[in-house]
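Raw contents of structure.txt, compact mmCIF, C-alpha atoms:
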```txt
# COMPACT_ATOMS: atom_id res chain seq x y z
CA GLY A 1 95.42 81.17 81.24
CA ALA A 2 92.25 83.06 82.01
CA VAL A 3 91.80 86.42 80.30
CA VAL A 4 90.52 89.60 81.87
CA SER A 5 89.79 92.66 79.75
CA GLN A 6 89.31 96.27 80.71
CA HIS A 7 87.74 99.07 78.77
CA PRO A 8 88.74 101.73 78.07
CA SER A 9 92.50 101.40 78.28
CA ARG A 10 92.93 105.16 78.50
CA VAL A 11 90.53 107.95 79.26
CA ILE A 12 90.97 111.68 79.58
CA CYS A 13 88.12 113.68 81.04
CA LYS A 14 87.33 117.08 82.43
CA SER A 15 87.06 117.70 86.12
CA GLY A 16 83.53 117.08 87.40
CA THR A 17 82.58 114.40 84.90
CA SER A 18 82.00 110.73 85.67
CA VAL A 19 83.95 107.91 84.10
CA LYS A 20 82.94 104.26 83.89
CA ILE A 21 85.52 101.48 83.59
CA GLU A 22 84.46 97.97 82.62
CA CYS A 23 86.18 94.77 83.66
CA ARG A 24 85.27 91.49 82.00
CA SER A 25 86.38 87.93 82.53
CA LEU A 26 86.38 86.59 78.99
CA ASP A 27 86.65 82.85 79.35
CA PHE A 28 85.64 82.12 82.91
CA GLN A 29 83.12 83.12 85.52
CA ALA A 30 84.37 85.17 88.41
CA THR A 31 82.33 85.31 91.57
CA THR A 32 84.72 87.88 92.96
CA MET A 33 86.43 90.81 91.30
CA PHE A 34 88.83 93.28 92.85
CA TRP A 35 89.63 96.87 91.97
CA TYR A 36 93.10 98.23 92.57
CA ARG A 37 94.60 101.65 92.13
CA GLN A 38 98.21 102.26 91.28
CA PHE A 39 100.00 105.58 91.53
CA PRO A 40 103.13 106.17 89.46
CA LYS A 41 106.03 104.00 90.57
CA GLN A 42 104.04 102.62 93.48
CA SER A 43 102.40 99.37 94.37
CA LEU A 44 98.80 98.35 93.86
CA MET A 45 96.40 99.44 96.54
CA LEU A 46 93.23 97.44 96.93
CA MET A 47 90.20 99.69 96.67
CA ALA A 48 87.32 97.26 96.93
CA THR A 49 86.19 93.68 96.65
CA SER A 50 83.15 93.01 94.50
CA ASN A 51 81.03 89.90 94.71
CA GLU A 52 78.46 89.13 92.04
CA GLY A 53 75.01 90.21 93.06
CA SER A 54 75.98 91.93 96.27
CA LYS A 55 77.37 95.25 97.42
CA ALA A 56 81.07 95.85 97.16
CA THR A 57 83.28 95.90 100.22
CA TYR A 58 85.48 98.97 100.29
CA GLU A 59 88.87 99.28 101.92
CA GLN A 60 89.39 101.83 104.61
CA GLY A 61 89.80 105.31 103.21
CA VAL A 62 88.08 104.60 99.89
CA GLU A 63 84.92 106.65 99.37
CA LYS A 64 82.13 104.35 98.24
CA ASP A 65 80.07 107.25 96.91
CA LYS A 66 83.02 108.39 94.87
CA PHE A 67 83.95 105.03 93.43
CA LEU A 68 80.78 103.17 92.53
CA ILE A 69 81.19 99.48 91.86
CA ASN A 70 78.63 97.28 90.20
CA HIS A 71 79.03 93.54 89.71
CA ALA A 72 75.88 92.59 87.87
CA SER A 73 77.04 89.30 86.36
CA LEU A 74 79.69 86.65 86.79
CA THR A 75 81.70 88.13 83.94
CA LEU A 76 81.33 91.89 84.36
CA SER A 77 82.17 94.44 87.00
CA THR A 78 82.20 98.18 86.53
CA LEU A 79 83.91 100.98 88.42
CA THR A 80 82.47 104.46 88.05
CA VAL A 81 84.53 107.38 89.23
CA THR A 82 81.95 110.04 89.98
CA SER A 83 82.66 113.75 89.72
CA ALA A 84 86.26 113.06 88.91
CA HIS A 85 88.98 115.47 90.00
CA PRO A 86 92.66 115.67 89.08
CA GLU A 87 93.65 113.79 92.23
CA ASP A 88 91.67 110.81 90.91
CA SER A 89 94.09 110.51 88.02
CA SER A 90 95.68 107.10 88.35
CA PHE A 91 96.06 103.64 86.86
CA TYR A 92 93.08 101.46 87.77
CA ILE A 93 93.47 97.71 87.54
CA CYS A 94 90.79 95.09 87.99
CA SER A 95 91.30 91.49 88.91
CA ALA A 96 89.00 88.50 88.70
CA ARG A 97 89.35 85.52 90.94
CA VAL A 98 88.88 81.87 90.22
CA LEU A 99 88.11 80.01 93.39
CA ALA A 100 87.48 76.29 93.10
CA GLY A 101 88.21 74.09 96.07
CA ALA A 102 91.85 74.58 96.94
CA TYR A 103 92.55 76.43 93.68
CA ASN A 104 92.65 80.17 94.18
CA GLU A 105 94.13 82.54 91.63
CA GLN A 106 93.59 86.14 90.62
CA PHE A 107 93.88 87.23 87.01
CA PHE A 108 94.50 90.85 86.16
CA GLY A 109 93.20 93.14 83.49
CA PRO A 110 95.59 95.36 81.52
CA GLY A 111 94.58 98.46 83.44
CA THR A 112 92.90 101.77 82.64
CA ARG A 113 94.83 105.00 82.81
CA LEU A 114 92.58 107.83 83.91
CA THR A 115 93.67 111.42 83.46
CA VAL A 116 91.43 114.12 84.86
CA LEU A 117 92.14 117.62 83.58
CA GLY B 1 97.61 91.89 109.09
CA ASP B 2 99.41 90.17 106.27
CA SER B 3 102.23 92.08 104.62
CA VAL B 4 104.98 91.72 102.05
CA THR B 5 108.35 93.43 102.10
CA GLN B 6 110.55 93.42 99.06
CA MET B 7 113.84 95.06 98.31
CA GLU B 8 113.64 98.57 97.04
CA GLY B 9 114.89 99.39 93.62
CA PRO B 10 115.67 100.40 91.16
CA VAL B 11 117.95 97.55 90.28
CA THR B 12 120.18 98.04 87.27
CA LEU B 13 122.03 95.08 85.79
CA SER B 14 124.00 94.32 82.70
CA GLU B 15 122.67 91.71 80.31
CA GLU B 16 123.47 88.13 81.40
CA ALA B 17 124.00 89.16 85.03
CA PHE B 18 122.49 87.20 87.92
CA LEU B 19 119.35 88.61 89.47
CA THR B 20 118.04 88.34 93.01
CA ILE B 21 115.10 90.30 94.31
CA ASN B 22 114.45 89.65 97.97
CA CYS B 23 110.95 89.20 99.34
CA THR B 24 109.86 88.39 102.87
CA TYR B 25 106.37 88.12 104.23
CA THR B 26 104.31 88.20 107.38
CA ALA B 27 101.13 86.20 107.44
CA THR B 28 98.90 84.18 109.69
CA GLY B 29 98.46 80.65 108.52
CA TYR B 30 100.02 79.33 105.35
CA PRO B 31 99.72 81.75 102.46
CA SER B 32 100.27 81.17 98.79
CA LEU B 33 103.11 83.26 97.39
CA PHE B 34 103.38 84.91 94.01
CA TRP B 35 105.63 86.98 91.81
CA TYR B 36 103.98 89.26 89.28
CA VAL B 37 105.65 91.27 86.53
CA GLN B 38 104.44 94.57 85.10
CA TYR B 39 105.86 95.80 81.83
CA PRO B 40 105.67 99.53 81.09
CA GLY B 41 102.11 100.73 80.59
CA GLU B 42 100.62 97.29 81.12
CA GLY B 43 98.77 95.38 83.81
CA LEU B 44 100.16 92.62 85.95
CA GLN B 45 101.10 89.20 84.69
CA LEU B 46 101.63 86.23 86.92
CA LEU B 47 105.25 85.15 86.69
CA LEU B 48 105.31 82.25 89.10
CA LYS B 49 103.76 81.00 92.30
CA ALA B 50 104.16 78.52 95.14
CA THR B 51 101.40 77.28 97.37
CA LYS B 52 103.23 75.48 100.16
CA ALA B 53 106.54 75.36 101.97
CA ASP B 54 109.55 74.19 99.95
CA ASP B 55 107.66 74.52 96.67
CA LYS B 56 109.67 76.09 93.89
CA GLY B 57 107.88 78.19 91.32
CA SER B 58 109.59 78.68 87.97
CA ASN B 59 108.84 80.33 84.65
CA LYS B 60 110.86 81.94 81.83
CA GLY B 61 114.12 81.26 83.66
CA PHE B 62 112.92 82.86 86.88
CA GLU B 63 112.71 80.83 90.09
CA ALA B 64 111.57 81.36 93.66
CA THR B 65 111.40 78.91 96.56
CA TYR B 66 108.85 79.14 99.36
CA ARG B 67 110.94 79.18 102.55
CA LYS B 68 108.73 78.91 105.59
CA GLU B 69 111.60 78.98 108.07
CA THR B 70 112.80 82.35 106.81
CA THR B 71 109.37 83.54 105.58
CA SER B 72 110.94 84.38 102.25
CA PHE B 73 110.24 83.98 98.55
CA HIS B 74 113.24 85.50 96.78
CA LEU B 75 113.13 85.81 93.01
CA GLU B 76 116.18 84.70 91.03
CA LYS B 77 117.29 84.45 87.45
CA GLY B 78 120.65 83.24 86.31
CA SER B 79 121.05 85.43 83.23
CA VAL B 80 118.84 88.46 82.68
CA GLN B 81 117.97 89.94 79.32
CA VAL B 82 117.03 93.46 78.27
CA SER B 83 113.47 92.21 77.78
CA ASP B 84 113.28 91.40 81.50
CA SER B 85 113.22 95.12 82.29
CA ALA B 86 109.99 95.64 84.23
CA VAL B 87 108.60 96.08 87.71
CA TYR B 88 108.38 92.93 89.80
CA PHE B 89 105.87 92.52 92.61
CA CYS B 90 105.93 89.92 95.33
CA ALA B 91 102.49 89.07 96.70
CA LEU B 92 100.69 86.71 99.02
CA SER B 93 97.20 85.44 99.55
CA SER B 94 95.91 83.69 102.63
CA GLY B 95 92.83 81.59 102.13
CA ASN B 96 90.22 83.62 100.31
CA THR B 97 91.76 87.02 100.94
CA PRO B 98 92.72 89.23 98.00
CA LEU B 99 96.35 89.52 97.06
CA VAL B 100 98.56 91.67 99.22
CA PHE B 101 101.43 93.21 97.26
CA GLY B 102 104.87 94.42 98.09
CA LYS B 103 105.91 97.84 96.85
CA GLY B 104 107.50 96.53 93.69
CA THR B 105 111.07 96.49 92.46
CA ARG B 106 111.97 98.15 89.19
CA LEU B 107 114.55 96.23 87.18
CA SER B 108 116.48 97.79 84.33
CA VAL B 109 118.72 95.58 82.24
CA ILE B 110 121.21 97.31 79.98
CA ALA B 111 122.88 95.78 76.96
```
Translate the structure described by the file into structure tokens.
Amino acid sequence: GAVVSQHPSRVICKSGTSVKIECRSLDFQATTMFWYRQFPKQSLMLMATSNEGSKATYEQGVEKDKFLINHASLTLSTLTVTSAHPEDSSFYICSARVLAGAYNEQFFGPGTRLTVL
Amino acid sequence: GDSVTQMEGPVTLSEEAFLTINCTYTATGYPSLFWYVQYPGEGLQLLLKATKADDKGSNKGFEATYRKETTSFHLEKGSVQVSDSAVYFCALSSGNTPLVFGKGTRLSVIA
């Protein structure tokens, strides 16, 4: 199956710093990537939908100035958590979609655990 | 909007027991249905899927049948193993919309 990578897998930072998370589709081109956030023992909450070459669409309640998303190519999307605070600590998971005719499937990265001190 | 409801866990079973995790959905149109599995500290892996009514998805001994009449997609396995311990998510996607997930069900299998 298609492979999606995320980097870094874990990051610990001080409050007030910015953290960038990369999501790459390794063996396919993804016109759309999604960013999810998962709190401990909870489900995945969609944060934003990112289409290559255009601005991301954020879900209600997600601050676009806080969570900057860039989707510069068909294989790379980045999420930058700006001025991170402890409440931003979470597990962030990206997903890349293959959409070809009737075929529609999302592939998930392994996730990035962010801890803000 | 579209939504997924799955049974709350945690579910604790002995090895070789029968597993059922219930999942029902609400959607406009005819969604595709999925089960994903998340092992501790990892991302999500697709376990199985079904794209139309009466389809049965299967993988690694797990099965789920798309039941349009009951809007359900229950996950079953005849004999669970300790290695099946994980969190299982039911999800749906309608057309081009991103996946909508249930809350997840944590399964613990004890030897």
| request: Hey, list the chain A side of the contact with chain B: 7 Å cut-off, all atoms listed in the file, answer as a PyMOL selection string. | output: chain A and resi 42-44+93+108-111
| request: Please provide the set of residues having any atom within 8 Å of region 28-34 of chain A, restricted to only C-alpha atoms, with same-chain residues fewer than 3 positions apart removed, written as a PyMOL selection string. | output: (chain A and resi 2-3+25+46-52+74-75+77+94-98) or (chain B and resi 98)
| query | If you measure from CA of Met7 (chain B) to CA of Met45 (chain A), what distance in Å do you get, rounded to one decimal? | reply |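 Calculated distance between CA of Met7 (chain B) and CA of Met45 (chain A) is 18.1 Å.
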Who sits within 12 Å of Lys68 (chain B), all atoms listed in the file, same chain under 5 positions skipped, as a compact mmCIF listing (two decimals) with C-alpha atoms, in the frame of the given file:
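Final output, selection_32.txt:
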```txt
# COMPACT_ATOMS: atom_id res chain seq x y z
CA THR B 24 109.86 88.39 102.87
CA TYR B 25 106.37 88.12 104.23
CA THR B 26 104.31 88.20 107.38
CA ALA B 27 101.13 86.20 107.44
CA THR B 28 98.90 84.18 109.69
CA GLY B 29 98.46 80.65 108.52
CA TYR B 30 100.02 79.33 105.35
CA PRO B 31 99.72 81.75 102.46
CA SER B 32 100.27 81.17 98.79
CA LEU B 33 103.11 83.26 97.39
CA ALA B 50 104.16 78.52 95.14
CA THR B 51 101.40 77.28 97.37
CA LYS B 52 103.23 75.48 100.16
CA ALA B 53 106.54 75.36 101.97
CA ASP B 54 109.55 74.19 99.95
CA ASP B 55 107.66 74.52 96.67
CA PHE B 73 110.24 83.98 98.55
CA HIS B 74 113.24 85.50 96.78
```
Emit as lines of an AutoDock Vina configuration file the padded axis-aligned box for all listed atoms of region 74-89 of chain A, 3 Å per side, with centre and edge lengths in Å to one decimal.
```
center_x = 86.9
center_y = 101.2
center_z = 88.1
size_x = 20.4
size_y = 35.0
size_z = 14.3
```
